[in-house]
Amino acid sequence: MSDVLQVNALRTHFFTHAGVVKAVDGVDFTVRKGEVMGLVGESGSGKSITGFSILGLIDPPGRIVDGSIRFNGAEIANAPEPELQKLRGNRIAMIFQDPMMTLNPVLRIDTQMIEAILAHEDIPRQTAWERSRDALGLVGIPSPEERLRAYPHQLSGGMRQRVAIATAFLNRPDLIIADEPTTALDVTIQAQIIHEAQKLTRQTGTAMIWITHDLAVVAGLADHISVMYAGRIVEQGATDDVIDRPLHPYTVGLLGSVPSANKRGQRLYQIEGMTPNMLAMPTGCAFAPRCRAATPGCDTAPPITDIDGRHLRCHHPQTVGVAS
Amino acid sequence: MTKVTTAIAVATSLFALAATSVSAEKLTIGLASEPTAMDPHFHNLGPNNAIAFHIFDRLVAQDEKQALTPGLAVSWEPIDDLTWEFKLREGVTFHDGSPFNADDVICTITRAPDVPNSPSSFGAYLKGKTAEKIDDYTVHIKTAEPYPLMANDISTIPIISDTAGCSATTEDFNAGTAAVGTGPFKFGDYKPGESITMMRNDNYWGDTPAWTEVEFRPIKSGPSRVAALLAGDVDMIAGVPTTDIATLEANEDIQLSQGVSNRVIYLHLDQFRENSPFVKGTDGGQIKNPLMDPKVRTAISKAINRDAIVDRVMEGVALPAGQLLPDGFFGVSENLEPMEYDPEGAKALLAEAGYPDGFQLTIHGPNDRYINDAKIAEAIGQMLTRVGIKTSVETMPRSVYFGRASKGSPEGLPEFSFILVGWGAGSGEASSPLKSLIHTYDKDKGFGSSNRGRHSNAEIDAVIEEALRTVDDAKRQELLAKATEMAIENAAIIPTHFQVNTWAAKKGLEYIPRTDEYTFATGVVKQ
Amino acid sequence: MSDVIAPETAAPAAKVETPFRRFVSEFFESRIATVALCVLGLIILLAVLAPWITPQNPYDLAQVDVLDGRLPPGSEAFAGYTMWLGSDGSGRDLYSAILYGLRISLSVGVASGIIALAIGMAIGLLAAYAGGRTENIIMRVVDLQLSFPAALVALMLVAILGKGIDKIILALVVAQWAYYARTVRGTALVERNKEYVEAAQCLGLSRLRVVFRHILPNCLAPLIVVGTVQTAHAISLEATLSFLGVGLPQTEPSLGVLIANGFEYMLSGRYWISVFPGLALLFTVVSINLVGDQLRDVLNPRLKK
Amino acid sequence: MTAPLLEIRGVSKRFTKRLDVAGKIAQRLGSKIREETVHAVDAVDLSIAPGEVLGLVGESGCGKSTLGRVVAGIHGASDGQVLYDGKDIAALTGAEKRAATLAIQMIFQDPFASLNPRMRVEDIIGEAPRVHGLVSASDASNYVDEVMSKVGLDPSLKRRYPHQFSGGQRQRIGIARALAVKPKFLVCDEAIAALDVSIQAQVINLFMDLREELGLTYLFISHDLSVVEHIADRVAIMYLGRIVESAPTEALFAAPKHPYTKALLAEAPRLDQRKRDFAPIEGEIPSPLDPPPGCHFNPRCPLARADCREARQMLETISPGRAVACHHWTET
Amino acid sequence: MTVFIIRRLMQAILVVFLMSVIVFFGVNVIGDPVHMLVSPDADQADIEATIRRLGLDRPIWEQYLLFVSGAAQGNLGNSFIFGEPALKLILHHMPATLELAFSALFLAVAVGVPLGLYAGLYPDSPLSKGIMAGSILGFSLPTFWVGLMLIMLFAVELGWLPSTGRGDTGHILGIETSLATRDGLSHVLLPAMNLALLKISLAIRLTRAGVREAMGQDYVKYARAKGLSTRRIVFVHVLKNIMIPVVTVMGLEFGSLIGFSVVTESIFAWPGMGKLLIDAILQLDRPVVVAYLMIIVLFFVLINLIVDILYSILDPRVRLRDQGA
């Protein structure tokens, strides 16, 4: 399988009044064709900023300060705007968290879909309209012609997210970045959306980065999982490996925090403390202050280590089972 | 013979003047106030009359000094104590071509006092008068008592056409259909609030005006009016604000003309209430009204620095007043001079009257009626305060002011104690202010209608009444002067100054100033 | 993008960061607003100290002499002091008149602002809390009031009520209370539906307590913003009314009266009579508006990152 | 069985948008407008025993939060009764009423909106006990310290304002505020939904500790099945204003009866499922403004027949402690 | 929608009624119109005749009832001063005010929106800061003062534009307006600028705030993520959204334009309703004041209605709600 996207040592910092926020601070990963990569982290971990960095959608005071993003072999980190514009929505599409907020409320669905095609292809409007209609059909929207004439608020949340997915697939992109696309949805609707996304990626061979805080979602969906903490990927590997045999204490803790049938009625594993202040990061391992395995050696930054084809940033990999 | 040739010479030169100006000369005049209708009888008010007199003639006209001159009547005289005979001008035609005769006069006199919805009719001038047609060019007007002011009264009434105007409504006049007169200009266009346009009447019986077209534009704000003149939007403006006179004088492109008006600015003092509402003791408590004492009134007059008012407030554009009309008007006294400014004398008089420490007083005045009215009130306040009469100043829009000043108290009496007002003698002679301001208030006879101080002196009343019955001009003049002197002696009212009106025109034009404050297109001459 | 910055300031801070302190430090981030506040402070100070720092009491007719009228800046008055800004048509020293005028303009603005705020706040809170028909009626009245230009309402009222500071304040209050009522009601409605109000209900706290202790303090921020803007507006409106001849009395001039009086001198080259009060008005209103602008930025949660 | 601490009998909550005069005139004139009524809660019966944790599960808009607010006394019920300790709360007065009000407290979802930003933590926590005279003014400070310690907050931070705390800490403040009036019963409305996973675990643990320590009873409202499964003794599933199934937790997760419950369980993502195919049920939740006739779930239900569209099946007890509202539950 | 219109109409009736009472009795308190009307030469009998002619001798409530019964038949009374029906007078002056207000509105949008757009898109550029400073100034300057300065500058000093008056009129769609002639347009420009100044500031601030808010919205980010050009994002996505508040607010401000035209009209001697009103107030022409307010109330109700309809056209979210309710 070929690499669609290679991200190396990506750093995206925000230069605020209060100081520099290192939202993304050295992220590496690779996404291969047809593969789903789950990017997991809690709020503030920098997972969304990673997604926006790939698309070149970081606004001041933020910017990519370092690292490379190679898309289909070409370097796109800090590429000129026109070049990025050609990629966006065309080769790399994005799906956002809240479909209520992302669809422009005063423009009809057809306008918003057709413009996504016409921005990249010089084809008759009618053709673009037909392609939009077909795309809506593909994501399971009944009577798509009617829906095309509708305004976003006339559709339910699930419908809107289907529209967003259809729009993402309009130009047959090589990569889709989905940023918490189901967080705002109910369980049954979430299942529907994941179903459509899964179906389409399988059909088209499009690679996907699925950004979420919910380990359970990526467990069932992703081929690989990257776990982010405080701007860095702390653990990376095949889904089964990461979920079943986590190595990083943070991953271990995260998995332990998720309530499930076999822990019923017991106290949950608790990661003490809270997410670090992005303005005042601890030196060395960012997780050290909360880590049960931390030693004085943790105040140096852990290097990336490869263990069984997995990447890890930890001085003390947890080789023995999950804490419970 | 020489007389005739001169006349011809004048006539030809006039003709030549008229001929040269035939080439469409348009005059645009910025007015300070706006007429309320084109119906000459609708509203007896300065701005209305000024416009009406362009389109309509009167039997008797007034020249720029308000002296009576022949209009549509060539002559008038009393044929007995109670009857006046008017001989009408022959060969005059209305703008629509119909001839002018006695019928038009009779119908005018019938219509003028009684126009529907009229806010202020000409009734006052026609009351007690009955007109009678003797022949086509003779009209008799009768009164119940001897009435010397017949011609003055008649000089206010514009004559309308029997056929076109007499049965017409005010709206017909505004639309122009009924606005048919014999005057020097024909009705052109009337856009309320915007403009009034008139065309020259080429068949006018008198001197043909120099202007083929005249447009009047009401621009009420003074500075805007001046700006319009400076910007060249209008050729001439009336009512130049005193503040701008100096600058305009210095401006070579502008020609000013000034003339004293028939308007006196004066102070009325409460002389009928023991407890006057706006007079207080030095401690703020109620005291017996000191204004009833002639000494106090004279002291107040002495405390007023009339020259300062004229010089500082009016920027030199006014005359200090010592009586009710300026010199040159019928019935003024030659013996009266403006009261000398004498603050020490005023203080002494006050002490003599029993007010060595003065008292408290409020002066009330309008702020949008007379030239610089509020500032004058304030200046007077300052001056009185300096002699010990601690005066506060309250000015208000005339809409509020006049009603309160006339009958604002709970009993329907004049509300204020000490007020600033003005009086313009429409008739152009002294009986007008004497009758309305000085004579004892008498509702039934119509005397003292504006006597808001309620000054009352039987001796003066008698002189005034006698004058009003005296047809002989010389004798009447004497009586009027005498009444004036008595009133001033008594300090019945305290005159401060006479207004001087100013017009400004662009270079090459000049306006012949009028004492009645009217702005006539016919008065604008090319230099 | 809640992801961008998570301001976790729980790390022990040197001192407790009260909302007020935070507000103050944010306010002074803008240099323009800081300058404006200083200018405003200076203006207020000048106005307050007017009787002690002016050579003349322009309201005392015994001290005003018409013979001093229309003197250009720098002239000497009869009483001996120098009129640095010249005098007006009645002989008032403009420097003194402007400071006294500021007193009036500011007090008219502030008084009408405070009264309108109090009334508007009470009515707005009542509407928000009562709901139903009461709210409906109140809000219809507010809508109607708002659909009329304040200038027109004030103009009519002053025409009806007559002159005087009290009357103009009353007119301005009537013209402006609705802005406050709408603002309070809008925020109160939002606040009322917040969970902390439900929590207070759950805790059995009385209605009055909930309204005044919980909802009201949270409505203050937008009210302050509206208040500053409306105060500036009131000052300007008073000047306009005075210009139209229905404002304050001639002898106790506010800035508006001074400008209006000077207006007639403009074309005659006596610029100072109108220009200096005009500048004073301008500085006052602009600085209030600038302060208000910054308040809006600081207090508006929508612009917060 | 012990007597229930709290019992909900036939409680309905309707939100009606009435027509004003103008609306009525328009209606006369033939406009199609009408009064709108949202049946947020539709004749619900529930009872909760002392010390029990009842999990109330449903998707957004199903009325679970409204039901929680009716129980907590924030909304009045349109119909039916809420009985605390066997007494109808609405009928109580005076001291009894206050006691019942304070006994039932609520923990809210949004850790930002649920704390008054203009009050210090000590006031947020201490206000109600002081107002109700549970502590004297002089003891208030110590009392606040005590309550804060109980929920794991450092009492030295009590002079701070809410914005100076993290989401998880704020939620603890909210809990402390409720605990300060010594309640017996807590309604937790999505109390952990807005928190990060690692913080969620902390708060869940706190709830469990407090239950043990203070003998609290919970109505635990959540959309998250795994959380409810973890914490609740009994679970009620709600769909469009109605309870469709209730059962002891283990029984329910082992063998769901109602088709909706089944769908929910099947579709919730789980850690132990890998590379699964998501095969969701069709359709979306209908608008509560215009619910389908009969059984509300019928348009999406694989078992639906004609009778499901005609009549609603009431909640029916099928075995001790288990009830289900379905015409065809036996068919699986 | 129907409900909406009915509600508005009911409000209108109520307000018109209240307004008539307040104004009728209020104006009655101000002063005595008779003393404004009669010639100073008039004696007491004349004054009483005038009082009778104007019906002012009746008790005020009787006058009011007469007014109401007249109003019900479309007669709002005759002007004391002009003797003509007040309604006719006002309608006669209305076109001048409307053309002024429309010109000002046009200026406000045509100048304010582009400037605001720029200031919102580049908030940190010096030009934007200049625009914002200018807008504060525009906010703060009293209208009357600016009007005078405009006259001083453009009419007196530079002589480019006429200082006062309305100028020649022509016909557009059968309506007499000075917007149809060159001369007329040159007359409109200054007063319209004067009147527009405040609204330009408002439009700038509104647009800027809207743009800044919109630019931070997810839909803009999403549009960028779709690869749309900046031009399309700004002119389609952003502009269409901010036009909603801009149109709404500017529409509502149209009412205040008419209100503020009182000031502008008196400075520029513009023969509109505002000038008529202030004259009527100063001269206590009660029927005109009352009629003016009646008409203005109706006018405002109408404007609000139009704005609400426009709003629902521009914002699809509102449209649906209207159909539902």
# chains A, B, ... in the order shown; residues from 1 in each chain; ligands from 1
>>> interface_residues(of="chain E", to="chain B", cutoff="7 Å", atoms="only C-alpha atoms", output="PyMOL selection string")
chain E and resi 30-33+35-39+42-46+50+53-54+80-83+155-156+159+162-165+266-269+271+282-284
>>> residues_around(residues="Gln271 of chain B", least_positions_apart="2", cutoff="8 Å", atoms="only C-alpha atoms", output="ChimeraX atom specification")
/B:269,273,289,291-292,453-455
>>> residues_around(residues="Phe220 of chain D", least_positions_apart="2", cutoff="8 Å", atoms="only C-alpha atoms", output="ChimeraX atom specification")
/D:53-56,187-190,218,222,228,232
>>> write_last_selection(atoms="C-alpha atoms", output="PDB file, in the first residue's frame")
ATOM      1  CA  VAL D  53     -29.279   4.076  41.284  1.00  0.00           C
ATOM      2  CA  LEU D  54     -31.733   4.245  38.442  1.00  0.00           C
ATOM      3  CA  GLY D  55     -30.194   4.876  35.037  1.00  0.00           C
ATOM      4  CA  LEU D  56     -32.418   6.713  32.603  1.00  0.00           C
ATOM      5  CA  VAL D 187     -30.791  13.777  39.825  1.00  0.00           C
ATOM      6  CA  CYS D 188     -27.701  13.633  37.630  1.00  0.00           C
ATOM      7  CA  ASP D 189     -28.522  14.989  34.214  1.00  0.00           C
ATOM      8  CA  GLU D 190     -25.781  13.955  31.808  1.00  0.00           C
ATOM      9  CA  TYR D 218     -29.634   8.599  42.208  1.00  0.00           C
ATOM     10  CA  SER D 222     -27.357   9.628  30.403  1.00  0.00           C
ATOM     11  CA  VAL D 228     -25.163   3.644  32.914  1.00  0.00           C
ATOM     12  CA  ALA D 232     -26.839   1.889  37.675  1.00  0.00           C
TER      13      ALA D 232
END
>>> interface_residues(of="chain C", to="chain B", cutoff="12 Å", atoms="only C-alpha atoms", output="number ranges by chain")
C: 58-71, 88-92, 158-164, 242-252, 260-271, 273
>>> interface_residues(of="chain D", to="chain A", cutoff="8 Å", atoms="only C-alpha atoms", output="MDAnalysis selection string")
chainID D and resid 59:60 166 196:202 204:205 208 223 226:227 229:231 263:264 267:282 284
>>> interface_residues(of="chain A", to="chain C", cutoff="12 Å", atoms="only C-alpha atoms", output="PyMOL selection string")
chain A and resi 12-24+41-52+58-62+96-98+101+179-180+212-213+230-231+273-281
>>> atom_distance(atom1="atom CA of Arg469 of chain B", atom2="atom CA of Ala50 of chain B")
29.7 Å
>>> interface_residues(of="chain E", to="chain C", cutoff="6 Å", atoms="only C-alpha atoms", output="PyMOL selection string")
chain E and resi 26-27+30+140+142+256+259
>>> residues_around(residues="Leu98 of chain E", least_positions_apart="5", cutoff="10 Å", atoms="only C-alpha atoms", output="ChimeraX atom specification")
/E:93,103-104,177,254,257-258,261,272-273
>>> write_last_selection(atoms="all heavy atoms", output="PDB file, in the first residue's frame")
ATOM      1  N   HIS E  93     -45.594  66.999   1.754  1.00  0.00           N
ATOM      2  CA  HIS E  93     -44.194  67.134   2.135  1.00  0.00           C
ATOM      3  C   HIS E  93     -43.468  65.798   2.196  1.00  0.00           C
ATOM      4  O   HIS E  93     -42.261  65.755   2.338  1.00  0.00           O
ATOM      5  CB  HIS E  93     -44.080  67.810   3.509  1.00  0.00           C
ATOM      6  CG  HIS E  93     -44.344  69.274   3.479  1.00  0.00           C
ATOM      7  ND1 HIS E  93     -45.617  69.786   3.414  1.00  0.00           N
ATOM      8  CD2 HIS E  93     -43.518  70.341   3.471  1.00  0.00           C
ATOM      9  CE1 HIS E  93     -45.559  71.103   3.394  1.00  0.00           C
ATOM     10  NE2 HIS E  93     -44.294  71.470   3.419  1.00  0.00           N
ATOM     11  N   SER E 103     -32.038  58.436  -0.076  1.00  0.00           N
ATOM     12  CA  SER E 103     -30.684  58.754  -0.524  1.00  0.00           C
ATOM     13  C   SER E 103     -29.692  58.479   0.590  1.00  0.00           C
ATOM     14  O   SER E 103     -28.615  57.925   0.368  1.00  0.00           O
ATOM     15  CB  SER E 103     -30.582  60.222  -0.939  1.00  0.00           C
ATOM     16  OG  SER E 103     -31.630  60.553  -1.795  1.00  0.00           O
ATOM     17  N   ALA E 104     -30.069  58.882   1.808  1.00  0.00           N
ATOM     18  CA  ALA E 104     -29.177  58.674   2.942  1.00  0.00           C
ATOM     19  C   ALA E 104     -28.964  57.183   3.180  1.00  0.00           C
ATOM     20  O   ALA E 104     -27.851  56.727   3.419  1.00  0.00           O
ATOM     21  CB  ALA E 104     -29.739  59.340   4.188  1.00  0.00           C
ATOM     22  N   THR E 177     -39.769  63.779  -7.995  1.00  0.00           N
ATOM     23  CA  THR E 177     -38.610  63.678  -7.120  1.00  0.00           C
ATOM     24  C   THR E 177     -37.444  64.468  -7.681  1.00  0.00           C
ATOM     25  O   THR E 177     -37.278  64.585  -8.892  1.00  0.00           O
ATOM     26  CB  THR E 177     -38.189  62.208  -6.923  1.00  0.00           C
ATOM     27  OG1 THR E 177     -36.891  62.196  -6.356  1.00  0.00           O
ATOM     28  CG2 THR E 177     -38.157  61.457  -8.235  1.00  0.00           C
ATOM     29  N   PHE E 254     -34.202  53.180   9.005  1.00  0.00           N
ATOM     30  CA  PHE E 254     -34.877  54.072   8.071  1.00  0.00           C
ATOM     31  C   PHE E 254     -35.851  54.969   8.838  1.00  0.00           C
ATOM     32  O   PHE E 254     -35.999  56.153   8.538  1.00  0.00           O
ATOM     33  CB  PHE E 254     -35.611  53.246   7.018  1.00  0.00           C
ATOM     34  CG  PHE E 254     -36.200  54.070   5.913  1.00  0.00           C
ATOM     35  CD1 PHE E 254     -35.379  54.642   4.967  1.00  0.00           C
ATOM     36  CD2 PHE E 254     -37.558  54.284   5.843  1.00  0.00           C
ATOM     37  CE1 PHE E 254     -35.912  55.418   3.960  1.00  0.00           C
ATOM     38  CE2 PHE E 254     -38.101  55.058   4.842  1.00  0.00           C
ATOM     39  CZ  PHE E 254     -37.276  55.629   3.894  1.00  0.00           C
ATOM     40  N   LEU E 257     -34.001  57.652  10.385  1.00  0.00           N
ATOM     41  CA  LEU E 257     -33.612  58.632   9.370  1.00  0.00           C
ATOM     42  C   LEU E 257     -34.720  59.662   9.215  1.00  0.00           C
ATOM     43  O   LEU E 257     -34.476  60.862   9.137  1.00  0.00           O
ATOM     44  CB  LEU E 257     -33.385  57.956   8.021  1.00  0.00           C
ATOM     45  CG  LEU E 257     -32.038  57.286   7.817  1.00  0.00           C
ATOM     46  CD1 LEU E 257     -31.982  56.595   6.474  1.00  0.00           C
ATOM     47  CD2 LEU E 257     -30.942  58.327   7.899  1.00  0.00           C
ATOM     48  N   ILE E 258     -35.931  59.146   9.179  1.00  0.00           N
ATOM     49  CA  ILE E 258     -37.048  60.071   9.034  1.00  0.00           C
ATOM     50  C   ILE E 258     -37.160  60.952  10.270  1.00  0.00           C
ATOM     51  O   ILE E 258     -37.386  62.155  10.176  1.00  0.00           O
ATOM     52  CB  ILE E 258     -38.344  59.277   8.773  1.00  0.00           C
ATOM     53  CG1 ILE E 258     -38.259  58.676   7.379  1.00  0.00           C
ATOM     54  CG2 ILE E 258     -39.563  60.165   8.914  1.00  0.00           C
ATOM     55  CD1 ILE E 258     -39.414  57.829   6.995  1.00  0.00           C
ATOM     56  N   SER E 261     -34.450  63.484  10.230  1.00  0.00           N
ATOM     57  CA  SER E 261     -34.530  64.436   9.127  1.00  0.00           C
ATOM     58  C   SER E 261     -35.055  65.770   9.645  1.00  0.00           C
ATOM     59  O   SER E 261     -34.866  66.796   9.008  1.00  0.00           O
ATOM     60  CB  SER E 261     -35.428  63.891   8.026  1.00  0.00           C
ATOM     61  OG  SER E 261     -36.752  63.827   8.464  1.00  0.00           O
ATOM     62  N   GLY E 272     -39.382  69.148   3.701  1.00  0.00           N
ATOM     63  CA  GLY E 272     -39.956  67.836   3.982  1.00  0.00           C
ATOM     64  C   GLY E 272     -40.852  67.845   5.203  1.00  0.00           C
ATOM     65  O   GLY E 272     -41.143  68.892   5.781  1.00  0.00           O
ATOM     66  N   MET E 273     -41.246  66.649   5.598  1.00  0.00           N
ATOM     67  CA  MET E 273     -42.159  66.510   6.730  1.00  0.00           C
ATOM     68  C   MET E 273     -41.515  66.960   8.027  1.00  0.00           C
ATOM     69  O   MET E 273     -42.179  67.468   8.915  1.00  0.00           O
ATOM     70  CB  MET E 273     -42.546  65.045   6.919  1.00  0.00           C
ATOM     71  CG  MET E 273     -43.246  64.414   5.775  1.00  0.00           C
ATOM     72  SD  MET E 273     -43.925  62.838   6.318  1.00  0.00           S
ATOM     73  CE  MET E 273     -42.469  61.861   6.507  1.00  0.00           C
TER      74      MET E 273
END
>>> closest_atom_pairs(of="chain D", to="chain E", cutoff="6 Å", atoms="only C-alpha atoms", output="Markdown table")
| residue | atom | partner | partner_atom | distance |
| --- | --- | --- | --- | --- |
| D:Ala22 | CA | E:Arg7 | CA | 5.0 |
| D:Gly23 | CA | E:Val3 | CA | 5.1 |
| D:Ala26 | CA | E:Val3 | CA | 5.5 |
| D:Ile33 | CA | E:Ala325 | CA | 5.7 |
>>> write_last_selection(atoms="N, CA and C atoms", output="short mmCIF file (atom, residue, chain, number, x, y, z; two decimals), in the first residue's frame")
data_model
loop_
_atom_site.label_atom_id
_atom_site.label_comp_id
_atom_site.auth_asym_id
_atom_site.auth_seq_id
_atom_site.Cartn_x
_atom_site.Cartn_y
_atom_site.Cartn_z
N ALA D 22 -53.97 37.61 17.91
CA ALA D 22 -53.70 37.71 16.48
C ALA D 22 -53.76 36.33 15.84
N GLY D 23 -53.19 35.36 16.54
CA GLY D 23 -53.19 34.00 16.02
C GLY D 23 -54.60 33.47 15.87
N ALA D 26 -56.20 34.99 12.89
CA ALA D 26 -55.67 34.39 11.67
C ALA D 26 -56.30 33.02 11.45
N ILE D 33 -52.45 27.83 10.98
CA ILE D 33 -51.69 27.73 12.21
C ILE D 33 -52.53 27.06 13.30
#
>>> select_by_dssp(residues="segment 127-274 of chain C", states="helix (DSSP H, G or I)", output="PyMOL selection string")
chain C and resi 127-130+132-147+150-161+165-192+195-202+207-243+255-263+266-268+271-274
>>> residues_around(residues="Met37 of chain A", least_positions_apart="5", cutoff="8 Å", atoms="only C-alpha atoms", output="JSON list (two decimals) with C-alpha atoms, in the first residue's frame")
[["chain", "number", "residue", "atom", "x", "y", "z"],
["A", 31, "VAL", "CA", -1.61, 7.24, 6.36],
["A", 208, "MET", "CA", -9.26, 8.61, 6.24],
["A", 209, "ILE", "CA", -8.10, 10.24, 9.41],
["A", 210, "TRP", "CA", -10.85, 9.96, 12.02],
["A", 222, "ALA", "CA", -9.77, 2.28, 12.43],
["A", 223, "ASP", "CA", -6.89, 0.27, 11.11],
["A", 224, "HIS", "CA", -4.37, 2.22, 13.09],
["A", 225, "ILE", "CA", -4.67, 4.39, 16.13],
["A", 226, "SER", "CA", -2.56, 7.35, 17.19]]
>>> select_by_dssp(residues="segment 127-279 of chain D", states="strand (DSSP E)", output="PyMOL selection string")
chain D and resi 185-189+217-222+234-239+242-248
>>> interface_residues(of="chain A", to="chain E", cutoff="6 Å", atoms="only C-alpha atoms", output="ChimeraX atom specification")
/A:85,88-89,101-104,106,116,119
>>> write_last_selection(atoms="N, CA, C and O atoms", output="PDB file, in the first residue's frame")
ATOM      1  N   GLN A  85      -5.312  25.598  -2.015  1.00  0.00           N
ATOM      2  CA  GLN A  85      -6.721  25.729  -2.417  1.00  0.00           C
ATOM      3  C   GLN A  85      -7.086  24.621  -3.406  1.00  0.00           C
ATOM      4  O   GLN A  85      -8.189  24.102  -3.387  1.00  0.00           O
ATOM      5  N   ARG A  88      -7.486  21.355  -1.307  1.00  0.00           N
ATOM      6  CA  ARG A  88      -8.607  21.295  -0.366  1.00  0.00           C
ATOM      7  C   ARG A  88      -9.914  20.970  -1.066  1.00  0.00           C
ATOM      8  O   ARG A  88     -10.240  21.573  -2.083  1.00  0.00           O
ATOM      9  N   GLY A  89     -10.640  20.079  -0.475  1.00  0.00           N
ATOM     10  CA  GLY A  89     -11.939  19.742  -1.032  1.00  0.00           C
ATOM     11  C   GLY A  89     -11.814  18.914  -2.285  1.00  0.00           C
ATOM     12  O   GLY A  89     -12.792  18.346  -2.772  1.00  0.00           O
ATOM     13  N   MET A 101     -23.179  23.896  12.307  1.00  0.00           N
ATOM     14  CA  MET A 101     -22.343  25.082  12.208  1.00  0.00           C
ATOM     15  C   MET A 101     -21.586  25.146  10.885  1.00  0.00           C
ATOM     16  O   MET A 101     -21.172  26.219  10.476  1.00  0.00           O
ATOM     17  N   THR A 102     -21.350  24.004  10.262  1.00  0.00           N
ATOM     18  CA  THR A 102     -20.450  24.034   9.112  1.00  0.00           C
ATOM     19  C   THR A 102     -21.172  24.292   7.802  1.00  0.00           C
ATOM     20  O   THR A 102     -20.569  24.827   6.882  1.00  0.00           O
ATOM     21  N   LEU A 103     -22.410  23.907   7.722  1.00  0.00           N
ATOM     22  CA  LEU A 103     -23.128  24.243   6.494  1.00  0.00           C
ATOM     23  C   LEU A 103     -23.604  25.684   6.641  1.00  0.00           C
ATOM     24  O   LEU A 103     -24.149  26.061   7.675  1.00  0.00           O
ATOM     25  N   ASN A 104     -23.381  26.463   5.599  1.00  0.00           N
ATOM     26  CA  ASN A 104     -23.793  27.867   5.656  1.00  0.00           C
ATOM     27  C   ASN A 104     -25.319  27.960   5.724  1.00  0.00           C
ATOM     28  O   ASN A 104     -26.001  27.495   4.815  1.00  0.00           O
ATOM     29  N   VAL A 106     -27.497  30.166   5.221  1.00  0.00           N
ATOM     30  CA  VAL A 106     -28.327  30.927   4.290  1.00  0.00           C
ATOM     31  C   VAL A 106     -28.156  30.465   2.837  1.00  0.00           C
ATOM     32  O   VAL A 106     -28.718  31.072   1.936  1.00  0.00           O
ATOM     33  N   ALA A 116     -18.529  23.272  -4.441  1.00  0.00           N
ATOM     34  CA  ALA A 116     -17.376  22.448  -4.084  1.00  0.00           C
ATOM     35  C   ALA A 116     -16.818  21.747  -5.323  1.00  0.00           C
ATOM     36  O   ALA A 116     -15.615  21.497  -5.422  1.00  0.00           O
ATOM     37  N   ALA A 119     -15.367  24.593  -7.876  1.00  0.00           N
ATOM     38  CA  ALA A 119     -14.126  25.222  -7.444  1.00  0.00           C
ATOM     39  C   ALA A 119     -12.916  24.486  -8.024  1.00  0.00           C
ATOM     40  O   ALA A 119     -11.819  25.034  -8.088  1.00  0.00           O
TER      41      ALA A 119
END
>>> atom_distance(atom1="atom CA of Val234 of chain A", atom2="atom CA of Thr251 of chain A")
8.2 Å
>>> residues_around(residues="segment 164-170 of chain A", least_positions_apart="4", cutoff="6 Å", atoms="only C-alpha atoms", output="ChimeraX atom specification")
/A:93,113,135-136
>>> residues_around(residues="His248 of chain A", least_positions_apart="3", cutoff="12 Å", atoms="only C-alpha atoms", output="PyMOL selection string")
chain A and resi 226-229+233-237+241-243+245+251-255+285+287-288+291-294+302+304-305+307+310-323
